[in-house]
Amino acid sequence: MTALTAQRRGSRVRSVVLPAAVVVGLLVLAQLLTVTDVLPRSYAPPPTEVLASLGRMLAGAAVWADIGSTLVGWAASLGIAVALGTVVGLLLGSVRWVQWLLTPVVEFLRPIPSIALIPLVILTIGGGRDGEVFLAAYAAVWQMLVAAIYATASVDPVARDTARAFGFTRIQTIRWVTLPAMLPGLVTGVRIASATALIITVTSEIILGVPGLGSGLNLARNAGDLTRMYAYIAVIGVVGLAINTVFTAATRRLLWQGGRR
């Protein structure tokens with residue numbers, strides 16, 4: 001084993017062990033604070049009770065069905081946001097008259113929080129899965145749109161002019177020059193948009209009652225089962241962490257090969 005390989009392996013171990021140690025330390029601290037009643041048990045049950053409730057949940061089928069339902073809504077909304085944000089961002093970043101035409105509309109709609117649209121969504125689309133997907137996609141598309149606009153601006157004008165000199169059509173230029181240059185910015189936009197989509201998906205499930213992790217959390221809260229409620233919060237956090245880990249690994253594999261971009 002070379003020194004460089006050993007150093008990389010040690011770095012990977014530290015990147016896992018140190019965060020895990022911090023989490024364990026915080027759980028131990030929370031346990032001490034709750035059993036000594038510094039944190040009232042009526043608001044914050046001990047982590048051991050939450051973990052026991054989490055174990056019972058994971059042994060059943062209901063929480064896995066909730067996870068699957070949430071991931072379906074998240075994936076649908078993220079797909080819409082990525083497709084729409086990339087296309088509109090590409091147009092806004094590369095076509096002047098489209099930028100002049102759509103920028104006022106974008107700047108008007110972007111500050112409106114998706115949660116403020118819930119009454120309108122219930123009246124028009126309904127309070128089911130379609131409404132959830134619309135709200136999450138609406139919230140996530142702006143991160144993707146901004147990322148696509150900045151990614152378009154990062155395209156090397158020399159490369160674009162070279163493609164034009166070789167007789168590339170606009171579609172060929174986008175396919176072979178623009179999109180590859182935009183890829184790092186687009187991947188960053190997808191990661192940010194994915195987190196936003198998950199947040200609004202869970203929030204919509206809490207408010208609209210759509211089946212998923214949010215509705216399961218809300219049912220536990222309404223029943224006064226605090227340990228189950230905190231267990232659902234832990235599951236939501238783990239799902240978000242898993243999604244971010246997958247996107248991070250995919251980004252490294254997609255953009256970096258053998259230490260070269």
# chains A, B, ... in the order shown; residues from 1 in each chain; ligands from 1

call {"tool": "closest_atom_pairs", "arguments": {"of": "segment 11-92 of chain A", "to": "segment 186-191 of chain A", "cutoff": "9 Å", "atoms": "only C-alpha atoms", "output": "Markdown table"}}
result
| residue | atom | partner | partner_atom | distance |
| --- | --- | --- | --- | --- |
| A:Leu78 | CA | A:Val190 | CA | 8.1 |
| A:Ala81 | CA | A:Val190 | CA | 8.8 |
| A:Val82 | CA | A:Val190 | CA | 6.7 |
| A:Thr86 | CA | A:Leu186 | CA | 7.6 |

call {"tool": "write_last_selection", "arguments": {"atoms": "C-alpha atoms", "output": "short mmCIF file (atom, residue, chain, number, x, y, z; two decimals), in the first residue's frame"}}
result
data_model
loop_
_atom_site.label_atom_id
_atom_site.label_comp_id
_atom_site.auth_asym_id
_atom_site.auth_seq_id
_atom_site.Cartn_x
_atom_site.Cartn_y
_atom_site.Cartn_z
CA LEU A 78 -37.57 17.30 -9.00
CA ALA A 81 -38.06 21.34 -11.89
CA VAL A 82 -34.84 20.13 -13.53
CA THR A 86 -32.77 23.90 -17.46
#

call {"tool": "residues_around", "arguments": {"residues": "Thr227 of chain A", "least_positions_apart": "6", "cutoff": "10 Å", "atoms": "only C-alpha atoms", "output": "VMD selection string"}}
result
chain A and resid 43 to 54 220 to 221 233

call {"tool": "write_last_selection", "arguments": {"atoms": "N, CA, C and O atoms", "output": "PDB file, in the first residue's frame"}}
result
ATOM      1  N   TYR A  43     -41.891  17.523  26.138  1.00  0.00           N
ATOM      2  CA  TYR A  43     -41.564  18.124  24.847  1.00  0.00           C
ATOM      3  C   TYR A  43     -40.441  17.375  24.127  1.00  0.00           C
ATOM      4  O   TYR A  43     -40.405  17.358  22.892  1.00  0.00           O
ATOM      5  N   ALA A  44     -39.534  16.785  24.885  1.00  0.00           N
ATOM      6  CA  ALA A  44     -38.375  16.127  24.286  1.00  0.00           C
ATOM      7  C   ALA A  44     -38.143  14.798  24.978  1.00  0.00           C
ATOM      8  O   ALA A  44     -37.460  14.743  26.012  1.00  0.00           O
ATOM      9  N   PRO A  45     -38.701  13.706  24.466  1.00  0.00           N
ATOM     10  CA  PRO A  45     -38.469  12.396  25.068  1.00  0.00           C
ATOM     11  C   PRO A  45     -37.015  11.977  24.915  1.00  0.00           C
ATOM     12  O   PRO A  45     -36.318  12.444  24.001  1.00  0.00           O
ATOM     13  N   PRO A  46     -36.506  11.111  25.773  1.00  0.00           N
ATOM     14  CA  PRO A  46     -35.107  10.670  25.681  1.00  0.00           C
ATOM     15  C   PRO A  46     -34.819   9.999  24.338  1.00  0.00           C
ATOM     16  O   PRO A  46     -35.683   9.303  23.783  1.00  0.00           O
ATOM     17  N   PRO A  47     -33.613  10.191  23.811  1.00  0.00           N
ATOM     18  CA  PRO A  47     -33.265   9.560  22.535  1.00  0.00           C
ATOM     19  C   PRO A  47     -33.400   8.039  22.548  1.00  0.00           C
ATOM     20  O   PRO A  47     -33.714   7.433  21.518  1.00  0.00           O
ATOM     21  N   THR A  48     -33.169   7.402  23.712  1.00  0.00           N
ATOM     22  CA  THR A  48     -33.322   5.947  23.769  1.00  0.00           C
ATOM     23  C   THR A  48     -34.756   5.527  23.466  1.00  0.00           C
ATOM     24  O   THR A  48     -34.986   4.524  22.776  1.00  0.00           O
ATOM     25  N   GLU A  49     -35.734   6.293  23.965  1.00  0.00           N
ATOM     26  CA  GLU A  49     -37.138   5.977  23.676  1.00  0.00           C
ATOM     27  C   GLU A  49     -37.460   6.244  22.213  1.00  0.00           C
ATOM     28  O   GLU A  49     -38.218   5.496  21.580  1.00  0.00           O
ATOM     29  N   VAL A  50     -36.887   7.309  21.664  1.00  0.00           N
ATOM     30  CA  VAL A  50     -37.118   7.614  20.246  1.00  0.00           C
ATOM     31  C   VAL A  50     -36.528   6.514  19.371  1.00  0.00           C
ATOM     32  O   VAL A  50     -37.157   6.057  18.405  1.00  0.00           O
ATOM     33  N   LEU A  51     -35.316   6.056  19.712  1.00  0.00           N
ATOM     34  CA  LEU A  51     -34.680   4.994  18.928  1.00  0.00           C
ATOM     35  C   LEU A  51     -35.455   3.686  19.038  1.00  0.00           C
ATOM     36  O   LEU A  51     -35.552   2.929  18.059  1.00  0.00           O
ATOM     37  N   ALA A  52     -36.006   3.414  20.212  1.00  0.00           N
ATOM     38  CA  ALA A  52     -36.830   2.210  20.364  1.00  0.00           C
ATOM     39  C   ALA A  52     -38.086   2.302  19.494  1.00  0.00           C
ATOM     40  O   ALA A  52     -38.469   1.324  18.834  1.00  0.00           O
ATOM     41  N   SER A  53     -38.710   3.474  19.478  1.00  0.00           N
ATOM     42  CA  SER A  53     -39.876   3.668  18.612  1.00  0.00           C
ATOM     43  C   SER A  53     -39.497   3.561  17.144  1.00  0.00           C
ATOM     44  O   SER A  53     -40.236   2.979  16.333  1.00  0.00           O
ATOM     45  N   LEU A  54     -38.327   4.102  16.801  1.00  0.00           N
ATOM     46  CA  LEU A  54     -37.849   4.012  15.419  1.00  0.00           C
ATOM     47  C   LEU A  54     -37.628   2.559  15.014  1.00  0.00           C
ATOM     48  O   LEU A  54     -37.961   2.151  13.894  1.00  0.00           O
ATOM     49  N   ALA A 220     -48.796  11.199  14.064  1.00  0.00           N
ATOM     50  CA  ALA A 220     -48.183  10.939  15.368  1.00  0.00           C
ATOM     51  C   ALA A 220     -48.316  12.139  16.291  1.00  0.00           C
ATOM     52  O   ALA A 220     -48.568  11.997  17.491  1.00  0.00           O
ATOM     53  N   ARG A 221     -48.164  13.334  15.745  1.00  0.00           N
ATOM     54  CA  ARG A 221     -48.324  14.556  16.558  1.00  0.00           C
ATOM     55  C   ARG A 221     -49.754  14.685  17.067  1.00  0.00           C
ATOM     56  O   ARG A 221     -49.988  14.990  18.246  1.00  0.00           O
ATOM     57  N   ILE A 233     -39.266  12.304  12.326  1.00  0.00           N
ATOM     58  CA  ILE A 233     -38.326  13.388  12.016  1.00  0.00           C
ATOM     59  C   ILE A 233     -36.948  12.809  11.701  1.00  0.00           C
ATOM     60  O   ILE A 233     -36.269  13.245  10.760  1.00  0.00           O
TER      61      ILE A 233
END

call {"tool": "residues_around", "arguments": {"residues": "Thr196 of chain A", "least_positions_apart": "2", "cutoff": "12 Å", "atoms": "only C-alpha atoms", "output": "compact mmCIF listing (two decimals) with all heavy atoms, in the first residue's frame"}}
result
# COMPACT_ATOMS: atom_id res chain seq x y z
N TRP A 74 -41.31 13.39 -4.43
CA TRP A 74 -40.06 14.14 -4.56
C TRP A 74 -39.45 13.97 -5.95
O TRP A 74 -39.03 14.95 -6.58
CB TRP A 74 -39.08 13.67 -3.50
CG TRP A 74 -37.66 14.08 -3.75
CD1 TRP A 74 -37.10 15.28 -3.48
CD2 TRP A 74 -36.63 13.28 -4.34
NE1 TRP A 74 -35.78 15.29 -3.85
CE2 TRP A 74 -35.46 14.07 -4.38
CE3 TRP A 74 -36.58 11.98 -4.83
CZ2 TRP A 74 -34.27 13.60 -4.91
CZ3 TRP A 74 -35.39 11.51 -5.34
CH2 TRP A 74 -34.24 12.31 -5.38
N ALA A 75 -39.39 12.74 -6.44
CA ALA A 75 -38.77 12.48 -7.74
C ALA A 75 -39.55 13.14 -8.87
O ALA A 75 -38.96 13.72 -9.80
CB ALA A 75 -38.67 10.98 -7.97
N SER A 77 -41.52 15.84 -8.70
CA SER A 77 -41.36 17.30 -8.65
C SER A 77 -39.96 17.71 -9.05
O SER A 77 -39.78 18.71 -9.76
CB SER A 77 -41.67 17.80 -7.23
OG SER A 77 -40.81 17.22 -6.28
N LEU A 78 -38.94 16.95 -8.63
CA LEU A 78 -37.57 17.30 -9.00
C LEU A 78 -37.36 17.14 -10.51
O LEU A 78 -36.70 17.98 -11.14
CB LEU A 78 -36.58 16.41 -8.25
CG LEU A 78 -35.10 16.66 -8.54
CD1 LEU A 78 -34.70 18.08 -8.16
CD2 LEU A 78 -34.21 15.65 -7.83
N ALA A 81 -38.86 20.14 -12.16
CA ALA A 81 -38.06 21.34 -11.89
C ALA A 81 -36.77 21.34 -12.70
O ALA A 81 -36.38 22.38 -13.25
CB ALA A 81 -37.75 21.43 -10.40
N PRO A 113 -43.59 32.40 -2.06
CA PRO A 113 -43.34 31.07 -1.50
C PRO A 113 -44.40 30.08 -1.95
O PRO A 113 -45.58 30.43 -2.09
CB PRO A 113 -43.39 31.30 0.01
CG PRO A 113 -44.22 32.54 0.18
CD PRO A 113 -43.98 33.38 -1.04
N SER A 114 -43.99 28.85 -2.18
CA SER A 114 -44.93 27.85 -2.68
C SER A 114 -46.05 27.57 -1.68
O SER A 114 -47.19 27.28 -2.07
CB SER A 114 -44.19 26.54 -3.00
OG SER A 114 -43.56 26.03 -1.84
N LEU A 135 -46.52 22.03 -5.96
CA LEU A 135 -45.92 22.92 -4.97
C LEU A 135 -44.42 22.68 -4.84
O LEU A 135 -43.63 23.63 -4.79
CB LEU A 135 -46.59 22.71 -3.61
CG LEU A 135 -48.04 23.20 -3.49
CD1 LEU A 135 -48.66 22.72 -2.18
CD2 LEU A 135 -48.12 24.72 -3.59
N ALA A 136 -44.00 21.40 -4.80
CA ALA A 136 -42.58 21.10 -4.67
C ALA A 136 -41.81 21.51 -5.93
O ALA A 136 -40.70 22.03 -5.84
CB ALA A 136 -42.39 19.61 -4.37
N ALA A 137 -42.40 21.25 -7.10
CA ALA A 137 -41.73 21.63 -8.34
C ALA A 137 -41.64 23.15 -8.46
O ALA A 137 -40.61 23.69 -8.91
CB ALA A 137 -42.49 21.06 -9.54
N TYR A 138 -42.67 23.86 -8.05
CA TYR A 138 -42.65 25.33 -8.09
C TYR A 138 -41.53 25.88 -7.22
O TYR A 138 -40.83 26.83 -7.60
CB TYR A 138 -44.00 25.87 -7.64
CG TYR A 138 -44.06 27.38 -7.61
CD1 TYR A 138 -44.43 28.10 -8.75
CD2 TYR A 138 -43.76 28.10 -6.45
CE1 TYR A 138 -44.49 29.49 -8.74
CE2 TYR A 138 -43.82 29.49 -6.43
CZ TYR A 138 -44.18 30.17 -7.57
OH TYR A 138 -44.23 31.55 -7.56
N ALA A 139 -41.35 25.28 -6.03
CA ALA A 139 -40.30 25.76 -5.12
C ALA A 139 -38.90 25.43 -5.64
O ALA A 139 -37.97 26.22 -5.49
CB ALA A 139 -40.50 25.16 -3.73
N ALA A 140 -38.74 24.25 -6.26
CA ALA A 140 -37.42 23.80 -6.67
C ALA A 140 -36.98 24.39 -8.01
O ALA A 140 -35.78 24.47 -8.28
CB ALA A 140 -37.38 22.27 -6.75
N VAL A 141 -37.92 24.77 -8.84
CA VAL A 141 -37.55 25.19 -10.20
C VAL A 141 -36.72 26.47 -10.19
O VAL A 141 -35.88 26.67 -11.08
CB VAL A 141 -38.82 25.38 -11.07
CG1 VAL A 141 -39.58 26.65 -10.67
CG2 VAL A 141 -38.46 25.43 -12.55
N TRP A 142 -36.88 27.31 -9.17
CA TRP A 142 -36.14 28.57 -9.17
C TRP A 142 -34.65 28.34 -8.91
O TRP A 142 -33.81 29.02 -9.49
CB TRP A 142 -36.74 29.52 -8.13
CG TRP A 142 -38.20 29.74 -8.33
CD1 TRP A 142 -39.22 29.36 -7.49
CD2 TRP A 142 -38.83 30.33 -9.46
NE1 TRP A 142 -40.43 29.70 -8.03
CE2 TRP A 142 -40.23 30.30 -9.24
CE3 TRP A 142 -38.35 30.89 -10.64
CZ2 TRP A 142 -41.14 30.80 -10.15
CZ3 TRP A 142 -39.27 31.40 -11.56
CH2 TRP A 142 -40.64 31.35 -11.30
N GLN A 143 -34.31 27.38 -8.03
CA GLN A 143 -32.90 27.05 -7.83
C GLN A 143 -32.28 26.51 -9.12
O GLN A 143 -31.16 26.87 -9.49
CB GLN A 143 -32.74 26.01 -6.72
CG GLN A 143 -32.86 26.56 -5.32
CD GLN A 143 -34.30 26.72 -4.87
OE1 GLN A 143 -35.19 26.15 -5.47
NE2 GLN A 143 -34.52 27.47 -3.82
N MET A 144 -33.05 25.68 -9.81
CA MET A 144 -32.54 25.11 -11.05
C MET A 144 -32.43 26.18 -12.13
O MET A 144 -31.49 26.18 -12.94
CB MET A 144 -33.50 23.99 -11.51
CG MET A 144 -32.89 23.04 -12.49
SD MET A 144 -31.53 22.12 -11.75
CE MET A 144 -30.43 22.05 -13.17
N GLY A 189 -27.04 22.87 -9.30
CA GLY A 189 -28.44 23.25 -9.23
C GLY A 189 -29.35 22.09 -8.86
O GLY A 189 -30.30 22.25 -8.09
N VAL A 190 -29.06 20.90 -9.40
CA VAL A 190 -29.87 19.72 -9.09
C VAL A 190 -29.77 19.37 -7.61
O VAL A 190 -30.76 19.04 -6.96
CB VAL A 190 -29.44 18.53 -9.97
CG1 VAL A 190 -30.13 17.25 -9.51
CG2 VAL A 190 -29.79 18.79 -11.43
N ARG A 191 -28.56 19.45 -7.06
CA ARG A 191 -28.39 19.14 -5.64
C ARG A 191 -29.18 20.10 -4.75
O ARG A 191 -29.85 19.68 -3.80
CB ARG A 191 -26.92 19.19 -5.26
CG ARG A 191 -26.08 18.05 -5.79
CD ARG A 191 -24.65 18.15 -5.31
NE ARG A 191 -24.57 18.12 -3.85
CZ ARG A 191 -23.46 18.34 -3.17
NH1 ARG A 191 -22.34 18.66 -3.79
NH2 ARG A 191 -23.46 18.28 -1.86
N ILE A 192 -29.14 21.39 -5.07
CA ILE A 192 -29.88 22.37 -4.27
C ILE A 192 -31.38 22.18 -4.46
O ILE A 192 -32.16 22.21 -3.50
CB ILE A 192 -29.45 23.79 -4.65
CG1 ILE A 192 -27.96 23.99 -4.36
CG2 ILE A 192 -30.27 24.83 -3.90
CD1 ILE A 192 -27.41 25.31 -4.86
N ALA A 193 -31.79 21.98 -5.71
CA ALA A 193 -33.21 21.81 -6.00
C ALA A 193 -33.77 20.54 -5.36
O ALA A 193 -34.93 20.51 -4.94
CB ALA A 193 -33.44 21.79 -7.51
N SER A 194 -32.94 19.49 -5.27
CA SER A 194 -33.42 18.24 -4.67
C SER A 194 -33.76 18.42 -3.20
O SER A 194 -34.76 17.88 -2.70
CB SER A 194 -32.37 17.14 -4.84
OG SER A 194 -31.23 17.40 -4.06
N LEU A 198 -37.55 18.09 -1.55
CA LEU A 198 -37.87 17.20 -0.43
C LEU A 198 -38.54 17.97 0.71
O LEU A 198 -39.51 17.49 1.30
CB LEU A 198 -36.60 16.53 0.08
CG LEU A 198 -36.78 15.55 1.25
CD1 LEU A 198 -37.66 14.39 0.85
CD2 LEU A 198 -35.43 15.05 1.76
N ILE A 199 -38.04 19.16 1.00
CA ILE A 199 -38.63 19.97 2.08
C ILE A 199 -40.09 20.28 1.79
O ILE A 199 -40.97 20.11 2.64
CB ILE A 199 -37.82 21.27 2.26
CG1 ILE A 199 -36.43 20.97 2.82
CG2 ILE A 199 -38.55 22.24 3.19
CD1 ILE A 199 -35.49 22.15 2.80
N ILE A 200 -40.36 20.74 0.58
CA ILE A 200 -41.73 21.13 0.25
C ILE A 200 -42.62 19.89 0.09
O ILE A 200 -43.82 19.95 0.40
CB ILE A 200 -41.76 21.99 -1.03
CG1 ILE A 200 -40.90 23.22 -0.82
CG2 ILE A 200 -43.18 22.40 -1.37
CD1 ILE A 200 -41.32 24.09 0.37
N THR A 201 -42.07 18.77 -0.36
CA THR A 201 -42.86 17.54 -0.44
C THR A 201 -43.34 17.12 0.94
O THR A 201 -44.53 16.83 1.13
CB THR A 201 -42.02 16.41 -1.07
OG1 THR A 201 -41.69 16.76 -2.41
CG2 THR A 201 -42.80 15.10 -1.08
N VAL A 202 -42.44 17.11 1.92
CA VAL A 202 -42.83 16.73 3.28
C VAL A 202 -43.79 17.75 3.88
O VAL A 202 -44.79 17.39 4.54
CB VAL A 202 -41.58 16.58 4.17
CG1 VAL A 202 -41.97 16.34 5.62
CG2 VAL A 202 -40.71 15.44 3.66
N THR A 203 -43.52 19.03 3.64
CA THR A 203 -44.42 20.08 4.15
C THR A 203 -45.81 19.95 3.56
O THR A 203 -46.82 20.10 4.26
CB THR A 203 -43.84 21.47 3.83
OG1 THR A 203 -42.52 21.57 4.37
CG2 THR A 203 -44.72 22.57 4.41
N GLY A 240 -33.12 12.58 3.67
CA GLY A 240 -32.44 13.73 3.08
C GLY A 240 -30.94 13.53 2.99
O GLY A 240 -30.32 13.88 1.97
N ILE A 243 -30.19 11.08 0.12
CA ILE A 243 -30.32 11.72 -1.19
C ILE A 243 -29.09 12.58 -1.49
O ILE A 243 -28.52 12.53 -2.59
CB ILE A 243 -31.61 12.56 -1.24
CG1 ILE A 243 -32.84 11.64 -1.26
CG2 ILE A 243 -31.61 13.47 -2.46
CD1 ILE A 243 -34.15 12.38 -1.14
N ASN A 244 -28.66 13.36 -0.50
CA ASN A 244 -27.50 14.22 -0.71
C ASN A 244 -26.24 13.38 -0.95
O ASN A 244 -25.40 13.74 -1.79
CB ASN A 244 -27.30 15.12 0.51
CG ASN A 244 -26.14 16.08 0.33
OD1 ASN A 244 -26.19 17.00 -0.47
ND2 ASN A 244 -25.07 15.85 1.08

call {"tool": "closest_residue", "arguments": {"among": "A:Pro180, A:Gly93, A:Pro211, A:Gly237", "to": "Ala195 of chain A", "atoms": "only C-alpha atoms"}}
result
A:Gly237

call {"tool": "atom_distance", "arguments": {"atom1": "atom CA of Ile67 of chain A", "atom2": "atom CA of Arg129 of chain A"}}
result
14.4 Å

call {"tool": "closest_atom_pairs", "arguments": {"of": "segment 179-232 of chain A", "to": "segment 152-171 of chain A", "cutoff": "9 Å", "atoms": "only C-alpha atoms", "output": "CSV"}}
result
residue,atom,partner,partner_atom,distance
A:Leu179,CA,A:Thr152,CA,8.2
A:Pro180,CA,A:Val155,CA,8.9
A:Ala181,CA,A:Val155,CA,5.5
A:Met182,CA,A:Thr152,CA,5.9
A:Gly185,CA,A:Thr152,CA,8.6

call {"tool": "closest_residue", "arguments": {"among": "A:Val38, A:Leu145, A:Met57, A:Leu102", "to": "Ala83 of chain A", "atoms": "only C-alpha atoms"}}
result
A:Leu145

call {"tool": "closest_residue", "arguments": {"among": "A:Ser215, A:Ser94, A:Thr124, A:Thr173", "to": "Val63 of chain A", "atoms": "only C-alpha atoms"}}
result
A:Ser215

call {"tool": "select_by_dssp", "arguments": {"residues": "segment 154-192 of chain A", "states": "helix (DSSP H, G or I)", "output": "ChimeraX atom specification"}}
result
/A:157-165,170-192

call {"tool": "write_last_selection", "arguments": {"atoms": "N, CA, C and O atoms", "output": "compact mmCIF listing (two decimals), in the first residue's frame"}}
result
# COMPACT_ATOMS: atom_id res chain seq x y z
N PRO A 157 -17.00 31.67 -24.89
CA PRO A 157 -17.45 32.25 -26.17
C PRO A 157 -16.57 31.82 -27.35
O PRO A 157 -17.05 31.75 -28.48
N VAL A 158 -15.30 31.52 -27.09
CA VAL A 158 -14.43 31.06 -28.17
C VAL A 158 -14.91 29.71 -28.69
O VAL A 158 -14.94 29.48 -29.91
N ALA A 159 -15.31 28.83 -27.78
CA ALA A 159 -15.82 27.53 -28.19
C ALA A 159 -17.11 27.69 -28.98
O ALA A 159 -17.34 27.00 -29.99
N ARG A 160 -17.96 28.61 -28.54
CA ARG A 160 -19.21 28.84 -29.26
C ARG A 160 -18.94 29.40 -30.65
O ARG A 160 -19.55 28.97 -31.64
N ASP A 161 -18.02 30.35 -30.75
CA ASP A 161 -17.69 30.92 -32.06
C ASP A 161 -17.03 29.87 -32.96
O ASP A 161 -17.26 29.86 -34.18
N THR A 162 -16.22 29.00 -32.37
CA THR A 162 -15.59 27.95 -33.16
C THR A 162 -16.64 27.00 -33.74
O THR A 162 -16.56 26.60 -34.91
N ALA A 163 -17.61 26.64 -32.92
CA ALA A 163 -18.68 25.77 -33.40
C ALA A 163 -19.45 26.44 -34.53
O ALA A 163 -19.81 25.80 -35.53
N ARG A 164 -19.68 27.75 -34.41
CA ARG A 164 -20.39 28.47 -35.46
C ARG A 164 -19.55 28.51 -36.74
O ARG A 164 -20.08 28.38 -37.86
N ALA A 165 -18.24 28.66 -36.58
CA ALA A 165 -17.36 28.70 -37.75
C ALA A 165 -17.33 27.36 -38.49
O ALA A 165 -17.15 27.32 -39.71
N ARG A 170 -27.76 25.60 -34.32
CA ARG A 170 -27.98 26.01 -32.93
C ARG A 170 -28.18 24.78 -32.03
O ARG A 170 -27.65 24.73 -30.92
N ILE A 171 -28.92 23.79 -32.53
CA ILE A 171 -29.14 22.57 -31.74
C ILE A 171 -27.83 21.82 -31.52
O ILE A 171 -27.55 21.34 -30.41
N GLN A 172 -27.01 21.71 -32.57
CA GLN A 172 -25.72 21.04 -32.43
C GLN A 172 -24.80 21.78 -31.47
O GLN A 172 -24.06 21.17 -30.70
N THR A 173 -24.83 23.11 -31.53
CA THR A 173 -24.00 23.90 -30.61
C THR A 173 -24.43 23.66 -29.17
O THR A 173 -23.59 23.51 -28.27
N ILE A 174 -25.74 23.63 -28.94
CA ILE A 174 -26.24 23.37 -27.58
C ILE A 174 -25.83 21.97 -27.14
O ILE A 174 -25.38 21.77 -26.01
N ARG A 175 -25.97 20.99 -28.05
CA ARG A 175 -25.69 19.58 -27.69
C ARG A 175 -24.21 19.34 -27.42
O ARG A 175 -23.85 18.65 -26.47
N TRP A 176 -23.32 19.91 -28.23
CA TRP A 176 -21.91 19.54 -28.16
C TRP A 176 -21.03 20.58 -27.46
O TRP A 176 -19.90 20.27 -27.07
N VAL A 177 -21.54 21.80 -27.29
CA VAL A 177 -20.72 22.85 -26.68
C VAL A 177 -21.36 23.38 -25.40
O VAL A 177 -20.73 23.38 -24.33
N THR A 178 -22.60 23.83 -25.50
CA THR A 178 -23.23 24.51 -24.37
C THR A 178 -23.50 23.58 -23.20
O THR A 178 -23.09 23.85 -22.06
N LEU A 179 -24.21 22.47 -23.45
CA LEU A 179 -24.59 21.59 -22.35
C LEU A 179 -23.38 20.97 -21.63
O LEU A 179 -23.38 20.92 -20.39
N PRO A 180 -22.35 20.48 -22.33
CA PRO A 180 -21.18 19.98 -21.58
C PRO A 180 -20.53 21.04 -20.71
O PRO A 180 -20.08 20.74 -19.59
N ALA A 181 -20.46 22.29 -21.20
CA ALA A 181 -19.87 23.36 -20.39
C ALA A 181 -20.77 23.72 -19.20
O ALA A 181 -20.28 24.15 -18.15
N MET A 182 -22.08 23.54 -19.36
CA MET A 182 -23.02 23.87 -18.30
C MET A 182 -23.10 22.79 -17.23
O MET A 182 -23.63 23.05 -16.13
N LEU A 183 -22.59 21.61 -17.50
CA LEU A 183 -22.84 20.45 -16.65
C LEU A 183 -22.46 20.68 -15.18
O LEU A 183 -23.26 20.35 -14.29
N PRO A 184 -21.28 21.22 -14.84
CA PRO A 184 -20.97 21.43 -13.42
C PRO A 184 -21.99 22.33 -12.72
O PRO A 184 -22.42 22.03 -11.59
N GLY A 185 -22.38 23.42 -13.37
CA GLY A 185 -23.38 24.31 -12.77
C GLY A 185 -24.73 23.65 -12.64
O GLY A 185 -25.44 23.84 -11.65
N LEU A 186 -25.11 22.85 -13.63
CA LEU A 186 -26.40 22.17 -13.59
C LEU A 186 -26.44 21.14 -12.47
O LEU A 186 -27.46 20.99 -11.79
N VAL A 187 -25.34 20.42 -12.28
CA VAL A 187 -25.30 19.41 -11.21
C VAL A 187 -25.45 20.08 -9.85
O VAL A 187 -26.16 19.58 -8.97
N THR A 188 -24.80 21.22 -9.67
CA THR A 188 -24.97 21.96 -8.41
C THR A 188 -26.41 22.39 -8.22
O THR A 188 -26.97 22.29 -7.11
N GLY A 189 -27.04 22.87 -9.30
CA GLY A 189 -28.44 23.25 -9.23
C GLY A 189 -29.35 22.09 -8.86
O GLY A 189 -30.30 22.25 -8.09
N VAL A 190 -29.06 20.90 -9.40
CA VAL A 190 -29.87 19.72 -9.09
C VAL A 190 -29.77 19.37 -7.61
O VAL A 190 -30.76 19.04 -6.96
N ARG A 191 -28.56 19.45 -7.06
CA ARG A 191 -28.39 19.14 -5.64
C ARG A 191 -29.18 20.10 -4.75
O ARG A 191 -29.85 19.68 -3.80
N ILE A 192 -29.14 21.39 -5.07
CA ILE A 192 -29.88 22.37 -4.27
C ILE A 192 -31.38 22.18 -4.46
O ILE A 192 -32.16 22.21 -3.50

call {"tool": "residues_around", "arguments": {"residues": "Pro119 of chain A", "least_positions_apart": "5", "cutoff": "12 Å", "atoms": "only C-alpha atoms", "output": "number ranges by chain"}}
result
A: 114, 124-127, 131, 135, 204, 207-208
